[in-house]
Structure formats: structure tokens, C-alpha cells
$ cat input20.txt   # compact mmCIF, C-alpha atoms and all ligand atoms
# COMPACT_ATOMS: atom_id res chain seq x y z
CA ALA A 67 0.00 0.00 0.00
CA LYS A 68 1.19 3.52 -0.75
CA GLU A 69 2.20 5.88 2.03
CA PRO A 70 -0.42 8.61 2.57
CA VAL A 71 0.31 12.03 1.05
CA ARG A 72 -0.36 15.01 3.31
CA VAL A 73 -2.37 17.73 1.58
CA LEU A 74 -2.81 21.16 3.13
CA VAL A 75 -5.91 23.19 2.23
CA THR A 76 -5.95 26.69 3.69
CA GLY A 77 -9.28 28.48 3.95
CA ALA A 78 -10.81 25.03 4.22
CA ALA A 79 -13.99 26.31 5.91
CA GLY A 80 -14.73 28.54 2.91
CA GLN A 81 -16.80 27.69 -0.09
CA ILE A 82 -13.97 26.46 -2.34
CA GLY A 83 -12.56 24.50 0.60
CA TYR A 84 -15.91 22.83 1.17
CA ALA A 85 -16.02 21.74 -2.47
CA LEU A 86 -12.33 20.79 -2.60
CA VAL A 87 -11.72 18.59 0.43
CA PRO A 88 -14.19 15.84 -0.60
CA LEU A 89 -12.65 15.75 -4.08
CA ILE A 90 -9.20 15.24 -2.56
CA ALA A 91 -10.53 12.60 -0.17
CA ARG A 92 -12.11 10.74 -3.11
CA GLY A 93 -8.87 10.61 -5.08
CA ALA A 94 -9.71 13.24 -7.71
CA MET A 95 -6.45 15.07 -7.02
CA LEU A 96 -3.85 12.34 -6.52
CA GLY A 97 -5.48 9.27 -8.00
CA PRO A 98 -7.84 6.50 -6.87
CA ASP A 99 -5.06 4.45 -5.22
CA GLN A 100 -3.33 7.24 -3.29
CA PRO A 101 -4.24 7.52 0.42
CA VAL A 102 -4.30 11.08 1.76
CA ILE A 103 -4.18 12.90 5.07
CA LEU A 104 -5.92 16.27 4.97
CA HIS A 105 -4.54 19.27 6.85
CA MET A 106 -7.20 21.97 6.98
CA LEU A 107 -6.36 25.50 8.10
CA ASP A 108 -8.68 28.40 8.74
CA ILE A 109 -8.82 31.40 11.06
CA VAL A 110 -10.21 31.47 14.61
CA PRO A 111 -13.64 32.97 13.72
CA ALA A 112 -14.14 30.03 11.34
CA ALA A 113 -12.89 27.33 13.75
CA GLU A 114 -16.32 25.93 14.58
CA SER A 115 -17.32 25.79 10.98
CA LEU A 116 -13.99 24.13 10.11
CA ASN A 117 -14.69 21.51 12.72
CA GLY A 118 -18.06 20.93 11.06
CA VAL A 119 -16.27 20.22 7.78
CA LYS A 120 -14.07 17.72 9.61
CA MET A 121 -17.18 16.04 11.05
CA GLU A 122 -18.63 15.71 7.55
CA LEU A 123 -15.39 14.24 6.22
CA VAL A 124 -15.54 11.61 8.97
CA ASP A 125 -19.21 10.96 8.19
CA ALA A 126 -18.50 10.51 4.48
CA ALA A 127 -16.25 7.52 5.32
CA PHE A 128 -13.85 8.05 2.42
CA PRO A 129 -11.69 4.91 2.08
CA LEU A 130 -8.63 6.88 0.93
CA LEU A 131 -8.79 9.39 3.78
CA LYS A 132 -6.33 8.27 6.45
CA GLY A 133 -6.53 11.30 8.70
CA VAL A 134 -7.93 14.82 9.07
CA LEU A 135 -6.34 17.69 10.92
CA ALA A 136 -8.47 20.79 11.42
CA THR A 137 -6.56 23.66 12.96
CA THR A 138 -6.17 27.42 13.21
CA ASP A 139 -2.43 27.09 13.90
CA VAL A 140 -0.46 27.78 10.74
CA VAL A 141 2.64 25.88 11.92
CA GLU A 142 0.67 22.77 12.83
CA ALA A 143 -1.17 22.99 9.52
CA CYS A 144 2.02 23.21 7.43
CA THR A 145 4.01 20.53 9.24
CA GLY A 146 5.01 17.66 6.98
CA VAL A 147 2.75 18.56 4.07
CA ASN A 148 3.67 17.33 0.58
CA ILE A 149 1.09 19.40 -1.28
CA ALA A 150 -0.19 22.83 -0.21
CA VAL A 151 -3.30 24.32 -1.77
CA MET A 152 -3.56 27.92 -0.65
CA VAL A 153 -7.23 28.89 -0.85
CA GLY A 154 -7.50 31.01 2.29
CA GLY A 155 -7.79 34.70 1.94
CA PHE A 156 -10.13 37.54 1.53
CA PRO A 157 -12.47 36.87 -1.41
CA ARG A 158 -13.60 39.25 -4.09
CA LYS A 159 -17.21 40.34 -3.66
CA GLU A 160 -19.64 41.71 -6.24
CA GLY A 161 -18.34 45.02 -7.59
CA MET A 162 -14.78 44.53 -6.28
CA GLU A 163 -11.76 44.43 -8.59
CA ARG A 164 -9.00 41.98 -7.75
CA LYS A 165 -6.66 44.82 -6.87
CA ASP A 166 -9.01 45.76 -4.02
CA VAL A 167 -8.40 42.43 -2.33
CA MET A 168 -4.65 42.52 -2.92
CA SER A 169 -3.54 44.42 0.15
CA LYS A 170 -5.70 42.29 2.42
CA ASN A 171 -3.87 39.19 1.28
CA VAL A 172 -0.24 40.31 1.49
CA SER A 173 0.22 39.81 5.23
CA ILE A 174 -1.58 36.46 5.16
CA TYR A 175 0.79 35.12 2.51
CA LYS A 176 3.92 36.33 4.25
CA SER A 177 3.24 34.34 7.40
CA GLN A 178 2.06 31.23 5.59
CA ALA A 179 5.16 31.31 3.38
CA SER A 180 7.50 31.18 6.36
CA ALA A 181 5.53 28.39 7.99
CA LEU A 182 5.67 26.32 4.80
CA GLU A 183 9.35 27.00 4.36
CA LYS A 184 10.18 25.86 7.87
CA HIS A 185 7.75 23.00 8.37
CA ALA A 186 6.54 21.49 5.08
CA ALA A 187 8.03 18.27 3.68
CA THR A 188 11.00 18.69 1.33
CA ASN A 189 9.89 19.18 -2.25
CA CYS A 190 6.41 20.32 -1.18
CA LYS A 191 4.41 21.48 -4.20
CA VAL A 192 2.42 24.67 -3.70
CA LEU A 193 -0.66 25.81 -5.60
CA VAL A 194 -1.98 29.29 -4.85
CA VAL A 195 -5.69 29.71 -5.58
CA ALA A 196 -6.55 32.78 -3.50
CA ASN A 197 -6.67 36.05 -5.37
CA PRO A 198 -4.78 37.90 -6.55
CA ALA A 199 -3.34 34.46 -7.33
CA ASN A 200 -0.21 35.44 -9.32
CA THR A 201 0.72 38.07 -6.74
CA ASN A 202 0.08 35.83 -3.74
CA ALA A 203 2.27 33.15 -5.34
CA LEU A 204 5.03 35.70 -5.81
CA ILE A 205 4.74 36.92 -2.21
CA LEU A 206 4.90 33.31 -1.06
CA LYS A 207 8.00 32.74 -3.16
CA GLU A 208 9.73 35.84 -1.82
CA PHE A 209 9.07 34.85 1.79
CA ALA A 210 9.99 31.19 1.32
CA PRO A 211 13.32 31.50 -0.49
CA SER A 212 14.38 27.92 0.27
CA ILE A 213 11.36 26.44 -1.52
CA PRO A 214 12.47 25.90 -5.14
CA GLU A 215 10.73 28.34 -7.48
CA LYS A 216 9.58 25.46 -9.66
CA ASN A 217 7.48 24.25 -6.70
CA ILE A 218 5.38 27.43 -6.45
CA THR A 219 2.53 27.82 -8.91
CA CYS A 220 -0.82 29.55 -9.18
CA LEU A 221 -4.15 28.47 -10.57
CA THR A 222 -5.11 29.48 -14.11
CA ARG A 223 -6.47 26.03 -14.89
CA LEU A 224 -9.99 27.28 -14.18
CA ASP A 225 -9.60 29.85 -16.97
CA HIS A 226 -8.13 27.14 -19.19
CA ASN A 227 -11.09 24.86 -18.48
CA ARG A 228 -13.48 27.74 -19.07
CA ALA A 229 -11.94 28.21 -22.53
CA LEU A 230 -12.38 24.49 -23.31
CA GLY A 231 -15.96 24.72 -22.04
CA GLN A 232 -16.80 27.68 -24.27
CA ILE A 233 -15.46 25.89 -27.37
CA SER A 234 -17.39 22.72 -26.54
CA GLU A 235 -20.62 24.69 -26.05
CA ARG A 236 -20.10 26.63 -29.26
CA LEU A 237 -19.43 23.50 -31.37
CA ASN A 238 -21.86 21.32 -29.41
CA ILE A 239 -19.18 18.70 -28.78
CA GLN A 240 -17.78 16.91 -25.73
CA VAL A 241 -15.38 19.05 -23.72
CA SER A 242 -13.04 16.05 -23.48
CA ASP A 243 -12.56 16.27 -27.25
CA VAL A 244 -11.10 19.79 -27.01
CA ARG A 245 -7.45 20.30 -26.03
CA ASN A 246 -4.54 22.69 -25.96
CA ALA A 247 -6.11 26.01 -25.15
CA ILE A 248 -3.64 28.45 -23.56
CA ILE A 249 -4.15 31.06 -20.87
CA TRP A 250 -1.35 33.61 -21.13
CA GLY A 251 -0.60 35.93 -18.25
CA ASN A 252 -2.49 36.71 -15.12
CA HIS A 253 -5.50 35.16 -13.44
CA SER A 254 -7.48 38.36 -13.91
CA SER A 255 -9.32 40.17 -16.66
CA THR A 256 -5.93 41.00 -18.26
CA GLN A 257 -5.37 37.33 -19.12
CA TYR A 258 -5.28 36.31 -22.76
CA PRO A 259 -7.26 33.14 -23.55
CA ASP A 260 -5.80 31.74 -26.77
CA VAL A 261 -7.30 28.91 -28.83
CA SER A 262 -5.27 29.55 -31.96
CA HIS A 263 -3.37 26.28 -31.33
CA ALA A 264 -6.29 24.35 -29.83
CA THR A 265 -7.66 21.28 -31.56
CA VAL A 266 -10.74 19.05 -31.51
CA THR A 267 -10.73 15.27 -31.83
CA THR A 268 -13.15 14.38 -34.64
CA GLN A 269 -13.93 11.23 -36.61
CA ASP A 270 -11.51 12.59 -39.23
CA GLY A 271 -8.67 13.20 -36.78
CA GLU A 272 -7.54 16.34 -34.95
CA LYS A 273 -8.92 19.56 -36.42
CA PRO A 274 -7.93 23.11 -35.46
CA VAL A 275 -10.57 24.94 -33.44
CA HIS A 276 -10.37 27.99 -35.71
CA GLU A 277 -11.25 25.81 -38.71
CA LEU A 278 -14.30 24.29 -37.01
CA VAL A 279 -15.58 27.51 -35.45
CA ALA A 280 -15.03 29.44 -38.70
CA ASP A 281 -16.10 32.69 -37.08
CA GLU A 282 -13.00 34.77 -36.49
CA GLY A 283 -15.12 37.58 -35.08
CA TRP A 284 -16.40 35.37 -32.26
CA LEU A 285 -12.96 33.92 -31.55
CA ARG A 286 -11.38 37.37 -31.37
CA GLY A 287 -14.28 38.96 -29.54
CA ASP A 288 -16.97 37.30 -27.46
CA PHE A 289 -14.98 34.13 -26.82
CA ILE A 290 -12.13 36.08 -25.22
CA THR A 291 -14.29 38.41 -23.19
CA THR A 292 -16.56 35.59 -22.00
CA VAL A 293 -13.57 33.67 -20.61
CA GLN A 294 -12.00 36.82 -19.15
CA GLN A 295 -15.26 37.90 -17.50
CA ARG A 296 -16.57 34.48 -16.49
CA GLY A 297 -15.67 34.92 -12.84
CA ALA A 298 -17.70 38.13 -12.68
CA ALA A 299 -20.62 36.43 -14.47
CA ILE A 300 -20.65 33.64 -11.87
CA ILE A 301 -20.63 36.19 -9.04
CA LYS A 302 -23.53 38.02 -10.66
CA ALA A 303 -25.53 34.80 -11.02
CA ARG A 304 -24.70 33.07 -7.71
CA LYS A 305 -23.81 36.08 -5.55
CA PHE A 306 -20.73 34.03 -4.60
CA SER A 307 -17.56 33.52 -6.59
CA SER A 308 -16.87 30.27 -8.46
CA ALA A 309 -16.41 27.37 -6.09
CA LEU A 310 -17.10 23.94 -7.55
CA SER A 311 -15.33 24.78 -10.80
CA ALA A 312 -12.40 26.31 -8.92
CA ALA A 313 -12.11 23.23 -6.68
CA SER A 314 -12.28 20.86 -9.62
CA SER A 315 -9.69 22.85 -11.57
CA ALA A 316 -7.35 22.88 -8.56
CA CYS A 317 -7.53 19.06 -8.58
CA ASP A 318 -6.80 19.03 -12.32
CA HIS A 319 -3.78 21.31 -11.78
CA ILE A 320 -2.19 19.14 -9.07
CA ARG A 321 -3.15 15.85 -10.73
CA ASP A 322 -1.49 16.78 -14.02
CA TRP A 323 1.52 18.26 -12.24
CA VAL A 324 2.09 15.14 -10.11
CA LEU A 325 0.89 12.39 -12.44
CA GLY A 326 1.75 14.00 -15.80
CA THR A 327 -0.11 15.56 -18.69
CA PRO A 328 -1.51 13.18 -21.32
CA GLN A 329 0.61 12.66 -24.43
CA GLY A 330 0.09 15.48 -26.93
CA THR A 331 -1.72 17.68 -24.44
CA TRP A 332 -0.62 20.78 -22.62
CA VAL A 333 -2.36 22.69 -19.84
CA SER A 334 -2.09 26.21 -18.44
CA MET A 335 -0.32 26.86 -15.14
CA GLY A 336 0.84 30.06 -13.51
CA VAL A 337 4.57 29.46 -13.04
CA TYR A 338 7.80 31.32 -12.41
CA SER A 339 8.96 32.73 -15.75
CA ASP A 340 12.40 31.76 -17.04
CA GLY A 341 12.17 34.36 -19.79
CA SER A 342 10.37 32.12 -22.30
CA TYR A 343 8.25 33.94 -24.89
CA ASP A 344 9.95 37.19 -23.90
CA VAL A 345 8.10 37.22 -20.61
CA PRO A 346 10.64 38.69 -18.18
CA ALA A 347 12.16 36.17 -15.80
CA GLY A 348 10.74 36.51 -12.32
CA LEU A 349 7.12 37.10 -13.25
CA ILE A 350 4.56 34.56 -12.13
CA TYR A 351 2.87 34.07 -15.47
CA SER A 352 0.51 31.56 -16.99
CA PHE A 353 2.10 29.51 -19.79
CA PRO A 354 1.26 26.34 -21.67
CA VAL A 355 3.08 23.56 -19.83
CA THR A 356 3.53 19.82 -20.00
CA CYS A 357 4.34 17.78 -16.91
CA VAL A 358 6.49 14.64 -16.58
CA ASP A 359 7.66 12.97 -13.36
CA GLY A 360 6.27 15.72 -11.15
CA GLU A 361 7.96 18.58 -13.03
CA TRP A 362 6.37 21.11 -15.34
CA SER A 363 8.09 22.61 -18.34
CA ILE A 364 6.97 25.43 -20.56
CA VAL A 365 5.98 24.32 -24.06
CA GLN A 366 8.66 25.70 -26.38
CA GLY A 367 9.10 26.10 -30.08
CA SER A 368 6.24 26.23 -32.47
CA LEU A 369 3.74 28.30 -30.50
CA LEU A 370 3.24 31.92 -31.35
CA LYS A 371 2.40 34.03 -28.35
CA PRO A 372 -0.15 36.69 -29.18
CA GLU A 373 0.97 40.27 -28.78
CA THR A 374 -0.80 40.91 -25.54
CA GLY A 375 1.95 42.81 -23.86
CA LEU A 376 2.67 41.64 -20.39
CA CYS A 377 0.04 40.42 -18.04
CA GLY A 378 1.75 39.24 -14.93
CA VAL A 379 3.27 40.51 -11.75
CA ARG A 380 6.83 41.00 -10.64
CA PRO A 381 8.44 42.34 -7.51
CA LEU A 382 9.12 46.03 -7.25
CA GLY A 383 11.73 47.62 -5.05
CA LYS A 384 9.33 48.95 -2.48
CA GLY A 385 5.79 47.68 -2.64
CA TRP A 386 5.33 44.04 -3.34
CA SER A 387 4.21 43.89 -6.88
CA ARG A 388 2.25 45.53 -9.57
CA THR A 389 0.20 44.27 -12.41
CA TYR A 390 1.29 44.81 -15.96
CA PHE A 391 -1.54 45.61 -18.29
CA ALA A 392 -1.67 44.77 -21.93
CA PRO A 393 -0.83 47.75 -24.17
CA ALA A 394 -2.38 46.11 -27.21
CA ARG A 395 -4.33 42.94 -27.55
CA GLU A 396 -5.95 42.91 -30.94
CA THR A 397 -3.85 40.12 -32.44
CA MET A 398 -4.44 36.47 -31.55
P1 LIG A 401 -14.44 32.12 1.15
O1 LIG A 401 -14.50 33.47 1.76
O2 LIG A 401 -15.68 31.29 1.11
O3 LIG A 401 -13.35 31.26 1.92
C1 LIG A 401 -12.12 31.79 2.27
C2 LIG A 401 -11.73 31.14 3.56
O4 LIG A 401 -10.42 31.56 3.89
C3 LIG A 401 -12.64 31.52 4.74
O5 LIG A 401 -13.08 30.35 5.41
C4 LIG A 401 -11.73 32.37 5.61
O6 LIG A 401 -12.04 32.25 6.98
C5 LIG A 401 -10.37 31.75 5.27
N1 LIG A 401 -9.25 32.59 5.61
C6 LIG A 401 -9.17 33.94 5.65
N2 LIG A 401 -7.97 34.32 6.07
C7 LIG A 401 -7.27 33.19 6.30
C8 LIG A 401 -5.97 32.93 6.79
N3 LIG A 401 -5.14 33.92 7.13
N4 LIG A 401 -5.58 31.64 6.93
C9 LIG A 401 -6.41 30.64 6.61
N5 LIG A 401 -7.67 30.82 6.18
C10 LIG A 401 -8.08 32.08 6.03
O7 LIG A 401 -13.78 32.28 -0.28
P2 LIG A 401 -13.78 31.24 -1.51
O8 LIG A 401 -14.94 31.51 -2.35
O9 LIG A 401 -13.56 29.88 -0.97
O10 LIG A 401 -12.51 31.76 -2.32
C11 LIG A 401 -11.20 31.59 -1.83
C12 LIG A 401 -10.20 32.35 -2.68
O11 LIG A 401 -10.13 31.80 -4.01
C13 LIG A 401 -10.53 33.82 -2.88
O12 LIG A 401 -9.35 34.57 -2.74
C14 LIG A 401 -11.01 33.87 -4.31
O13 LIG A 401 -10.87 35.15 -4.87
C15 LIG A 401 -10.13 32.85 -4.95
N6 LIG A 401 -10.52 32.33 -6.27
C16 LIG A 401 -9.55 32.03 -7.17
C17 LIG A 401 -9.80 31.46 -8.39
C18 LIG A 401 -8.71 31.09 -9.34
O14 LIG A 401 -9.00 30.59 -10.42
N7 LIG A 401 -7.44 31.31 -9.04
C19 LIG A 401 -11.20 31.23 -8.82
C20 LIG A 401 -12.17 31.15 -7.69
C21 LIG A 401 -11.93 32.15 -6.59
O15 LIG A 401 -12.41 33.40 -7.00

$ encode --input "input20.txt" --output "C-alpha cells"
Amino acid sequence: AKEPVRVLVTGAAGQIGYALVPLIARGAMLGPDQPVILHMLDIVPAAESLNGVKMELVDAAFPLLKGVLATTDVVEACTGVNIAVMVGGFPRKEGMERKDVMSKNVSIYKSQASALEKHAATNCKVLVVANPANTNALILKEFAPSIPEKNITCLTRLDHNRALGQISERLNIQVSDVRNAIIWGNHSSTQYPDVSHATVTTQDGEKPVHELVADEGWLRGDFITTVQQRGAAIIKARKFSSALSAASSACDHIRDWVLGTPQGTWVSMGVYSDGSYDVPAGLIYSFPVTCVDGEWSIVQGSLLKPETGLCGVRPLGKGWSRTYFAPARETM
């Protein structure tokens, strides 16, 4: 039998946490034969509610779940974890831009970074979900210098999956037949969803999305804005931000990172830039990546990055970061 993997979920009493922990306990993140021990962190005002989540996890009798820790102590939460999914933070509410929530999250990410650095298992993989996700990942990296930069990522897989979903709806085909969308840049409305290299599996083989959609206007217009604005549309409809789709995409992100991307398929991950595609090194930026043996690498070579300018964050001398906005984005 495999040794259990310890998975930290911060903000576990929140709505993404509530959707995420049962997915992890069922094997949707690390596979159906991988036992897990859940470490759930939240803040003191949410302690009772967090304990309720723990009670429900016990009641669900998940065979893969070998233990549950529910705590408000960041050191206890981080100790020995192999995977850390950072969901905790101050969420964006209706009418708020992501930059409004930024300052509220800086201090949270500083303290959690040091706890992870000191107490997590060696080679712990970190996924930042909480917004502003690219910035929080960068803060975490800055305050946990001994964690390798390749181990700190942020979630743009939800945007990637949203792009696949829009194409499947438009063509009335299965979403599993669509692959190789790309989210370039930031998890925010400055991101650039790109399906110019995406393909669809058909009875006659792989076909480019742009050939099947055959409506350049839609691909350059409504498709892009729908994906960029989808988070806001969910908030408008539900009065809460995306939760089940965010939780599911977080599982996809870690699963592909740990277990590998399927042959011929890439996914989008917010990762530390090495300068690829002229994105300055040091930005946390969403690229197309493939994963083998627990390591991601940026897809190189044949892809043409659209001229979106920069959409990412990097450290500044004084403040922590700032967002780069796209000067021009008409090409795709
Ligand atoms: P909720 O407010 O439901 O849950 C957040 C939880 O975090 C709460 O239980 C809160 O008590 C806890 N928390 C606050 N400060 C904490 C701290 N210092 N340590 C540990 N826990 C703490 O928000 P939810 O809807 O679950 O969203 C969580 C985060 O995900 C938000 O920042 C949100 O903006 C972000 N999202 C990111 C997405 C992405 O694709 N990257 C998409 C979905 C979502 O918008």
C-alpha cells in the first residue's frame, strides 16, 4: 500500500474548501489508489465551521482518507505537508476588482510562506488559488526562499477549463474532445485566452478549433471576453464567486503536475517565468506547460504568443508587486 500524502488546504472552511476537500478525499487530485491525510487551516472565527467540515469528512467515510487535521495554527497545519493548496484569503465580492483584495492578502501570505518553508516536507508542491493568485504566489516565493521556485505555482487552470468549455458549447461537442487552449498571463481580466493552437478530436482526426468555429469575429471577440469575464458572471448569477469549478480545476492542476499531462496535451499553469516567450524572468505568469515525473516545463518552439503585452506581476523595489496591463491585444 502507498504511504499517505499530506495535503494542506488553507481556507478550508470557505466555499472552495468545502467543495475541494471531498474531491481530494475521493482521489480526484492524486489518483484512486493514493491515500491522503488532509490538513485543513482556517482562522479562529471560522474554527467551529472548520470543525463541522471535519465532522462531515468523517461521516462521508472516504476509504482513501487516512486522517484529518483541522486547525487554526499555521505551523501545525504546514508541518510535513507534501502538497499545499492555498485557498484562504479575503475573497472578491460583487463590484470589487482583484486589486481591491490585494492588500488584504499580502500579510496572510507572508506568514504562511514562512511556515511552509520551515515545516513542510521537502519538495512540497504549492498551488496558490486565493486572489490575486499570481501576486500571492510571488509573495509566497519571496518569503519562502528555500522552496524551489519550480514548486510554487498559481491556478489558471480554471480559466483554461473555461476556454475548453466555451469551445465545446459553441461547437456542441464533448469538452473532453477539445485540447490545448492556452491562458497567457495573469488570473485576472488582463489574461489572454488563446485557442489559436487548440484542436478538436473528430472522426476525421484532430482539427484546429479555428477551422471548425469558422467565425474569427467570435474567436477574437466574445470568446475572449466571455472567458475573461466568467468569474464576474458567476458572481452576478450566484452572488458568490466560483467554487465547484475552482475546486475541480485545482484538482486538475495538481493531478497533471504530479501524475503527468496526457501525451500530446498541454495545460495552463501560472509558473515562475524563465524568460520564455519574452516574458521577463521573475514574473509569475501563466504559460502552456507539459508535466512529466512531477515537473512542469513550458511548451517551447512552435507556438506563437499573441501580442498581448505583459500580463503578470513582478516584484518592485518597495511595494510588493504591480500588475502589468496589456498595451495592445488585438492580435491572436
Ligand atoms: P471564502 O471566503 O468562502 O473562503 C475563504 C476562507 O479563507 C474563509 O473560510 C476564511 O475564513 C479563510 N481565511 C481567511 N484568512 C485566512 C488565513 N489567514 N488563513 C487561513 N484561512 C483564512 O472564499 P472562496 O470563495 O472559498 O474563495 C477563496 C479564494 O479563491 C478567494 O481569494 C477567491 O478570490 C479565490 N478564487 C480564485 C480562483 C482562481 O481561479 N485562481 C477562482 C475562484 C476564486 O475566486

$ closest_residue --input "input20.txt" --among "A:Asn148, A:Ser242, A:Ser180, A:Asn252" --to "ligand LIG 401 (chain A)" --atoms "all atoms listed in the file"
A:Asn252

$ residues_near_ligand --input "input20.txt" --ligand "ligand LIG 401 (chain A)" --cutoff "7 Å" --atoms "all atoms listed in the file" --output "PyMOL selection string"
chain A and resi 76-83+107-109+111-112+153-158+174+195-199+220-225+253+297+306-309+312

$ atom_distance --input "input20.txt" --atom1 "CA of Ala94 (chain A)" --atom2 "CA of Asn189 (chain A)"
21.2 Å

$ atom_distance --input "input20.txt" --atom1 "CA of Gly133 (chain A)" --atom2 "CA of Gln100 (chain A)"
13.1 Å

$ closest_residue --input "input20.txt" --among "A:Lys207, A:Arg296, A:His319, A:Arg236" --to "Val355 (chain A)" --atoms "all atoms listed in the file"
A:His319

$ atom_distance --input "input20.txt" --atom1 "CA of Gly231 (chain A)" --atom2 "CA of Pro354 (chain A)"
17.3 Å

$ decode --input "input20.txt" --residues "region 243-329 of chain A" --atoms "C-alpha atoms" --output "PDB file, in the first residue's frame"
ATOM      1  CA  ASP A 243     -12.559  16.266 -27.252  1.00  0.00           C
ATOM      2  CA  VAL A 244     -11.100  19.793 -27.012  1.00  0.00           C
ATOM      3  CA  ARG A 245      -7.447  20.296 -26.027  1.00  0.00           C
ATOM      4  CA  ASN A 246      -4.536  22.695 -25.960  1.00  0.00           C
ATOM      5  CA  ALA A 247      -6.114  26.014 -25.147  1.00  0.00           C
ATOM      6  CA  ILE A 248      -3.645  28.452 -23.561  1.00  0.00           C
ATOM      7  CA  ILE A 249      -4.153  31.056 -20.872  1.00  0.00           C
ATOM      8  CA  TRP A 250      -1.352  33.609 -21.127  1.00  0.00           C
ATOM      9  CA  GLY A 251      -0.600  35.932 -18.246  1.00  0.00           C
ATOM     10  CA  ASN A 252      -2.486  36.713 -15.120  1.00  0.00           C
ATOM     11  CA  HIS A 253      -5.500  35.158 -13.445  1.00  0.00           C
ATOM     12  CA  SER A 254      -7.483  38.365 -13.913  1.00  0.00           C
ATOM     13  CA  SER A 255      -9.316  40.172 -16.665  1.00  0.00           C
ATOM     14  CA  THR A 256      -5.930  41.000 -18.259  1.00  0.00           C
ATOM     15  CA  GLN A 257      -5.368  37.330 -19.118  1.00  0.00           C
ATOM     16  CA  TYR A 258      -5.281  36.306 -22.764  1.00  0.00           C
ATOM     17  CA  PRO A 259      -7.259  33.140 -23.549  1.00  0.00           C
ATOM     18  CA  ASP A 260      -5.799  31.740 -26.773  1.00  0.00           C
ATOM     19  CA  VAL A 261      -7.299  28.911 -28.834  1.00  0.00           C
ATOM     20  CA  SER A 262      -5.270  29.553 -31.960  1.00  0.00           C
ATOM     21  CA  HIS A 263      -3.368  26.276 -31.332  1.00  0.00           C
ATOM     22  CA  ALA A 264      -6.287  24.352 -29.833  1.00  0.00           C
ATOM     23  CA  THR A 265      -7.662  21.282 -31.559  1.00  0.00           C
ATOM     24  CA  VAL A 266     -10.737  19.054 -31.509  1.00  0.00           C
ATOM     25  CA  THR A 267     -10.726  15.273 -31.833  1.00  0.00           C
ATOM     26  CA  THR A 268     -13.149  14.379 -34.644  1.00  0.00           C
ATOM     27  CA  GLN A 269     -13.929  11.228 -36.610  1.00  0.00           C
ATOM     28  CA  ASP A 270     -11.515  12.594 -39.233  1.00  0.00           C
ATOM     29  CA  GLY A 271      -8.673  13.197 -36.777  1.00  0.00           C
ATOM     30  CA  GLU A 272      -7.537  16.336 -34.947  1.00  0.00           C
ATOM     31  CA  LYS A 273      -8.919  19.564 -36.416  1.00  0.00           C
ATOM     32  CA  PRO A 274      -7.933  23.114 -35.462  1.00  0.00           C
ATOM     33  CA  VAL A 275     -10.568  24.942 -33.436  1.00  0.00           C
ATOM     34  CA  HIS A 276     -10.372  27.987 -35.706  1.00  0.00           C
ATOM     35  CA  GLU A 277     -11.245  25.810 -38.708  1.00  0.00           C
ATOM     36  CA  LEU A 278     -14.304  24.294 -37.013  1.00  0.00           C
ATOM     37  CA  VAL A 279     -15.579  27.512 -35.455  1.00  0.00           C
ATOM     38  CA  ALA A 280     -15.029  29.441 -38.697  1.00  0.00           C
ATOM     39  CA  ASP A 281     -16.097  32.693 -37.084  1.00  0.00           C
ATOM     40  CA  GLU A 282     -12.996  34.771 -36.485  1.00  0.00           C
ATOM     41  CA  GLY A 283     -15.120  37.579 -35.085  1.00  0.00           C
ATOM     42  CA  TRP A 284     -16.401  35.374 -32.258  1.00  0.00           C
ATOM     43  CA  LEU A 285     -12.965  33.916 -31.553  1.00  0.00           C
ATOM     44  CA  ARG A 286     -11.377  37.374 -31.373  1.00  0.00           C
ATOM     45  CA  GLY A 287     -14.283  38.961 -29.542  1.00  0.00           C
ATOM     46  CA  ASP A 288     -16.967  37.296 -27.457  1.00  0.00           C
ATOM     47  CA  PHE A 289     -14.981  34.130 -26.818  1.00  0.00           C
ATOM     48  CA  ILE A 290     -12.135  36.076 -25.221  1.00  0.00           C
ATOM     49  CA  THR A 291     -14.289  38.411 -23.185  1.00  0.00           C
ATOM     50  CA  THR A 292     -16.557  35.590 -22.000  1.00  0.00           C
ATOM     51  CA  VAL A 293     -13.569  33.674 -20.607  1.00  0.00           C
ATOM     52  CA  GLN A 294     -12.004  36.819 -19.150  1.00  0.00           C
ATOM     53  CA  GLN A 295     -15.257  37.905 -17.502  1.00  0.00           C
ATOM     54  CA  ARG A 296     -16.572  34.483 -16.491  1.00  0.00           C
ATOM     55  CA  GLY A 297     -15.673  34.925 -12.837  1.00  0.00           C
ATOM     56  CA  ALA A 298     -17.700  38.127 -12.677  1.00  0.00           C
ATOM     57  CA  ALA A 299     -20.623  36.435 -14.473  1.00  0.00           C
ATOM     58  CA  ILE A 300     -20.654  33.644 -11.868  1.00  0.00           C
ATOM     59  CA  ILE A 301     -20.632  36.188  -9.040  1.00  0.00           C
ATOM     60  CA  LYS A 302     -23.533  38.016 -10.661  1.00  0.00           C
ATOM     61  CA  ALA A 303     -25.529  34.802 -11.020  1.00  0.00           C
ATOM     62  CA  ARG A 304     -24.701  33.073  -7.706  1.00  0.00           C
ATOM     63  CA  LYS A 305     -23.809  36.075  -5.548  1.00  0.00           C
ATOM     64  CA  PHE A 306     -20.730  34.028  -4.603  1.00  0.00           C
ATOM     65  CA  SER A 307     -17.558  33.524  -6.590  1.00  0.00           C
ATOM     66  CA  SER A 308     -16.866  30.273  -8.463  1.00  0.00           C
ATOM     67  CA  ALA A 309     -16.414  27.367  -6.092  1.00  0.00           C
ATOM     68  CA  LEU A 310     -17.104  23.943  -7.548  1.00  0.00           C
ATOM     69  CA  SER A 311     -15.328  24.776 -10.799  1.00  0.00           C
ATOM     70  CA  ALA A 312     -12.396  26.307  -8.919  1.00  0.00           C
ATOM     71  CA  ALA A 313     -12.108  23.228  -6.677  1.00  0.00           C
ATOM     72  CA  SER A 314     -12.282  20.855  -9.616  1.00  0.00           C
ATOM     73  CA  SER A 315      -9.686  22.848 -11.569  1.00  0.00           C
ATOM     74  CA  ALA A 316      -7.348  22.878  -8.561  1.00  0.00           C
ATOM     75  CA  CYS A 317      -7.533  19.061  -8.577  1.00  0.00           C
ATOM     76  CA  ASP A 318      -6.800  19.030 -12.316  1.00  0.00           C
ATOM     77  CA  HIS A 319      -3.784  21.307 -11.782  1.00  0.00           C
ATOM     78  CA  ILE A 320      -2.191  19.141  -9.068  1.00  0.00           C
ATOM     79  CA  ARG A 321      -3.146  15.845 -10.728  1.00  0.00           C
ATOM     80  CA  ASP A 322      -1.493  16.777 -14.022  1.00  0.00           C
ATOM     81  CA  TRP A 323       1.524  18.258 -12.243  1.00  0.00           C
ATOM     82  CA  VAL A 324       2.093  15.139 -10.108  1.00  0.00           C
ATOM     83  CA  LEU A 325       0.886  12.386 -12.443  1.00  0.00           C
ATOM     84  CA  GLY A 326       1.754  13.997 -15.799  1.00  0.00           C
ATOM     85  CA  THR A 327      -0.113  15.564 -18.688  1.00  0.00           C
ATOM     86  CA  PRO A 328      -1.515  13.184 -21.320  1.00  0.00           C
ATOM     87  CA  GLN A 329       0.610  12.663 -24.434  1.00  0.00           C
TER      88      GLN A 329
END
